[in-house]
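*Asks:* After the structure tokens below, expect a handful of questions from me.
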Amino acid sequence: MLAFLAYFLLPLFWLSIASTKSIGDLFGSFGLWFAHDFHLFQNVRELFATRTLDGGTYLVWIRNSALYSVASAVAAALLATAAGYGFAKFSFRGREALFWFVLGAVMVPNTAIAVPLFLLFSKIGLTNSPLSIILPSAVSPFGVYLMRIYAEAAVPSEVIEAARLDGASELRIFRTIAFRLLAPGAVTVMIFAFVATWNNYFLPLTMLSEPKWYPLTVGITELGPTGILIGSLLAIAPMILAFVLLQRYWETGLSAGAVNG
């Protein structure tokens, strides 16, 4: 465990140290310790003041990343919760075959479908727009799989039947009963989708051609060495904040899915 901990934390430690150095100290001092001059605040000021030749800025890129990640996470959670609930509680022809298709989609890496998605979106005129990032990221096959497992145990069939006998529609049952019971699992899917979209590089690199639409992962590559370092360090903060705020729901969803799986 200590070896794995060092493996994962050492790059973050190096990034934190390197972000406090000037460009000269970055290549002229020991990488795993501070230099004589502390340049962190100066590097942060330069980062937010930098404007690329194409007009891109760090604030614009972080706004774009937040927009793409939040919209995709909410949409992915809603779609995965509805689909998982449907697979778990409704019997229809081809259900298992369709679910195996969903499981197959989990095995396909996102980089493999980036180019086909670009060709598809270019045909309908949606490239170089926020929708070209949000729509593909809103579909989470793993989220559907997780929510089906969670729904099978978290939503008692007796409660659904009782609501039907009382005359409630299927939409009302899902909205007022099932969704509340599935909230921990939905938050888990939301966090996974948020992190995946925030860290996504190849899809926005393929879809977007104007810096004004770039997310952080693509935009910071246009900065200098210190800009890339301090920009990467600050980009971690929103993910840490999301985990801290939603940790209780996330752990509940993961433990329930693991036990029932």
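Residue numbers start at 1 in each chain; chains themselves are named A, B, ... in the order of the structure tokens; ligands are numbered from 1 in the order shown.
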Could you produce a table of the residues of segment 126-208 of chain A lying within 8 Å of segment 212-218 of chain A, with the nearest pair of atoms per residue and their separation in Å rounded to one decimal, using only C-alpha atoms, ordered by chain and increasing residue number, as CSV?

*Replies:*
residue,atom,partner,partner_atom,distance
A:Asn128,CA,A:Trp213,CA,7.2
A:Ser129,CA,A:Trp213,CA,6.9
A:Pro130,CA,A:Trp213,CA,7.0
A:Trp198,CA,A:Thr217,CA,7.7
A:Asn199,CA,A:Thr217,CA,6.5
A:Asn200,CA,A:Thr217,CA,6.9
A:Tyr201,CA,A:Thr217,CA,5.6
A:Pro204,CA,A:Tyr214,CA,7.0
A:Leu205,CA,A:Val218,CA,6.4
A:Leu208,CA,A:Trp213,CA,6.7

*Asks:* Can you list, as an NGL selection string, every protein, DNA or RNA residue that comes within 9 Å of Leu223 of chain A when you count only C-alpha atoms, leaving out same-chain residues fewer than 5 positions away?

*Replies:* :A and (47 or 50-52 or 228 or 231)

*Asks:* Within 12 Å of segment 54-78 of chain A, which residues of segment 169-203 of chain A come that close, and what is the closest atom pair and distance in Å for each? Count only C-alpha atoms and give it as a Markdown table.

*Replies:*
| residue | atom | partner | partner_atom | distance |
| --- | --- | --- | --- | --- |
| A:Phe174 | CA | A:Leu78 | CA | 11.4 |
| A:Arg175 | CA | A:Leu78 | CA | 10.9 |
| A:Phe179 | CA | A:Leu78 | CA | 9.2 |
| A:Leu182 | CA | A:Ala77 | CA | 10.3 |
| A:Ala183 | CA | A:Ala77 | CA | 9.4 |
| A:Pro184 | CA | A:Ala77 | CA | 10.5 |
| A:Gly185 | CA | A:Ala77 | CA | 8.6 |
| A:Ala186 | CA | A:Ala77 | CA | 5.2 |
| A:Val187 | CA | A:Ala77 | CA | 7.0 |
| A:Thr188 | CA | A:Ala77 | CA | 8.2 |
| A:Val189 | CA | A:Ala77 | CA | 5.5 |
| A:Met190 | CA | A:Ala73 | CA | 4.7 |
| A:Ile191 | CA | A:Ala73 | CA | 6.9 |
| A:Phe192 | CA | A:Ala73 | CA | 7.7 |
| A:Ala193 | CA | A:Ala73 | CA | 4.8 |
| A:Phe194 | CA | A:Ser69 | CA | 4.9 |
| A:Val195 | CA | A:Ser69 | CA | 7.4 |
| A:Ala196 | CA | A:Ser69 | CA | 8.1 |
| A:Thr197 | CA | A:Ser69 | CA | 5.2 |
| A:Trp198 | CA | A:Ser69 | CA | 5.5 |
| A:Asn199 | CA | A:Ser65 | CA | 9.0 |
| A:Asn200 | CA | A:Ser65 | CA | 9.6 |
| A:Tyr201 | CA | A:Ser65 | CA | 10.9 |
| A:Leu203 | CA | A:Tyr68 | CA | 11.9 |

*Asks:* So, counting only C-alpha atoms, which residue among A:Arg180, A:Lys123, A:Arg95, A:Lys89 is closest to Arg148 of chain A?

*Replies:* A:Lys89

*Asks:* Please provide the set of residues having any atom within 9 Å of Thr20 of chain A, restricted to only C-alpha atoms, with same-chain residues fewer than 4 positions apart removed, written as a ChimeraX atom specification.

*Replies:* /A:15-16,26,34-35,37-43,226,230

*Asks:* Would you save the residues from that selection as a short mmCIF file (atom, residue, chain, number, x, y, z; two decimals), in the first residue's frame, using N, CA and C atoms?

*Replies:*
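Result went into out_7.cif, see below:
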data_model
loop_
_atom_site.label_atom_id
_atom_site.label_comp_id
_atom_site.auth_asym_id
_atom_site.auth_seq_id
_atom_site.Cartn_x
_atom_site.Cartn_y
_atom_site.Cartn_z
N LEU A 15 4.60 18.10 -8.89
CA LEU A 15 3.87 19.20 -9.51
C LEU A 15 3.73 20.38 -8.56
N SER A 16 3.44 20.09 -7.30
CA SER A 16 3.30 21.16 -6.31
C SER A 16 4.61 21.90 -6.10
N LEU A 26 13.35 25.88 -12.44
CA LEU A 26 12.66 24.65 -12.82
C LEU A 26 13.63 23.64 -13.43
N PHE A 34 12.09 22.55 -2.91
CA PHE A 34 11.89 23.95 -3.25
C PHE A 34 13.20 24.62 -3.65
N ALA A 35 13.07 25.60 -4.52
CA ALA A 35 14.22 26.43 -4.87
C ALA A 35 14.36 27.57 -3.85
N ASP A 37 14.14 30.83 -4.35
CA ASP A 37 13.09 31.84 -4.55
C ASP A 37 11.73 31.15 -4.70
N PHE A 38 10.74 31.67 -3.97
CA PHE A 38 9.38 31.11 -3.99
C PHE A 38 8.55 31.92 -4.98
N HIS A 39 8.22 31.30 -6.15
CA HIS A 39 7.56 32.03 -7.24
C HIS A 39 6.11 31.60 -7.45
N LEU A 40 5.50 30.97 -6.47
CA LEU A 40 4.15 30.45 -6.68
C LEU A 40 3.16 31.55 -7.01
N PHE A 41 3.11 32.59 -6.19
CA PHE A 41 2.11 33.64 -6.38
C PHE A 41 2.38 34.43 -7.66
N GLN A 42 3.64 34.63 -7.97
CA GLN A 42 3.98 35.30 -9.22
C GLN A 42 3.56 34.46 -10.42
N ASN A 43 3.76 33.15 -10.33
CA ASN A 43 3.35 32.26 -11.42
C ASN A 43 1.83 32.27 -11.59
N THR A 226 6.02 26.89 -17.09
CA THR A 226 5.47 27.24 -15.78
C THR A 226 3.96 27.41 -15.83
N ILE A 230 1.52 25.32 -13.25
CA ILE A 230 0.60 25.94 -12.30
C ILE A 230 -0.84 25.77 -12.75
#

*Asks:* Give the answer as one residue: which of A:Met207, A:Leu165, A:Ala235, A:Ala97 has the shortest atom-to-atom distance to Leu117 of chain A, using only C-alpha atoms?

*Replies:*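 Nearest candidate to Leu117 of chain A out of A:Met207, A:Leu165, A:Ala235, A:Ala97: A:Met207.
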
*Asks:* Considering only C-alpha atoms, state which residue in the set A:Leu2, A:Ile177, A:Ser209, A:Pro225 is at the smallest distance from Phe27 of chain A.

*Replies:*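 The closest residue to Phe27 of chain A is A:Pro225.
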
*Asks:* Please report the interatomic distance between atom CA of Phe121 of chain A and atom CA of Glu210 of chain A in Å with one decimal.

*Replies:*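 Taking atom CA of Phe121 of chain A and atom CA of Glu210 of chain A, their separation equals 16.0 Å.
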
*Asks:* List every residue of segment 90-252 of chain A that DSSP, applied to the backbone, labels as alpha helix (DSSP H), and write the result as an MDAnalysis selection string.

*Replies:* chainID A and resid 95:106 110:123 131:137 141:154 157:165 170:173 179:181 183:199 202:207 216:219 225:252

*Asks:* Residues within 8 Å of segment 101-114 of chain A, please, as a PyMOL selection string. Count only C-alpha atoms; anything in the same chain fewer than 6 positions from it doesn't count.

*Replies:* chain A and resi 141-142+144-145+202-203+206

*Asks:* Generate the output file for the selected residues, N, CA and C atoms, as a short mmCIF file (atom, residue, chain, number, x, y, z; two decimals), in the first residue's frame.

*Replies:*
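The file below, out-v2.cif, is the result:
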data_model
loop_
_atom_site.label_atom_id
_atom_site.label_comp_id
_atom_site.auth_asym_id
_atom_site.auth_seq_id
_atom_site.Cartn_x
_atom_site.Cartn_y
_atom_site.Cartn_z
N PRO A 141 -22.08 4.23 -20.32
CA PRO A 141 -22.46 2.81 -20.24
C PRO A 141 -22.15 2.21 -18.87
N PHE A 142 -21.00 2.57 -18.30
CA PHE A 142 -20.69 2.06 -16.96
C PHE A 142 -21.71 2.56 -15.93
N VAL A 144 -24.87 3.15 -16.48
CA VAL A 144 -26.08 2.34 -16.65
C VAL A 144 -25.92 0.99 -15.95
N TYR A 145 -24.75 0.38 -16.14
CA TYR A 145 -24.48 -0.90 -15.47
C TYR A 145 -24.54 -0.76 -13.95
N PHE A 202 -8.61 14.00 -25.58
CA PHE A 202 -8.63 13.67 -27.00
C PHE A 202 -9.92 14.11 -27.68
N LEU A 203 -11.06 13.95 -26.99
CA LEU A 203 -12.34 14.35 -27.60
C LEU A 203 -12.39 15.84 -27.89
N THR A 206 -10.17 16.81 -30.73
CA THR A 206 -10.70 16.43 -32.04
C THR A 206 -11.86 17.31 -32.46
#

*Asks:* Just how far from atom CA of Leu98 of chain A is atom CA of Ser122 of chain A, in Å to one decimal?

*Replies:* 27.8 Å

*Asks:* Quick check, in Å to one decimal: how far apart do atom CA of Ile134 of chain A and atom CA of Pro116 of chain A lie?

*Replies:* 15.9 Å

*Asks:* Identify which of the residues A:Gly125, A:Gly227, A:Gly86, A:Pro238 lies closest to Ala18 of chain A, counting only C-alpha atoms when measuring atom-to-atom distances.

*Replies:*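 Comparing A:Gly125, A:Gly227, A:Gly86, A:Pro238 against Ala18 of chain A, the winner is A:Gly227.
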
*Asks:* Go through A:Ile240, A:Ile173, A:Val44, A:Met1 one by one, measure the shortest atom-to-atom distance of each to Glu161 of chain A using only C-alpha atoms, and give the residue with the smallest value.

*Replies:* A:Ile173
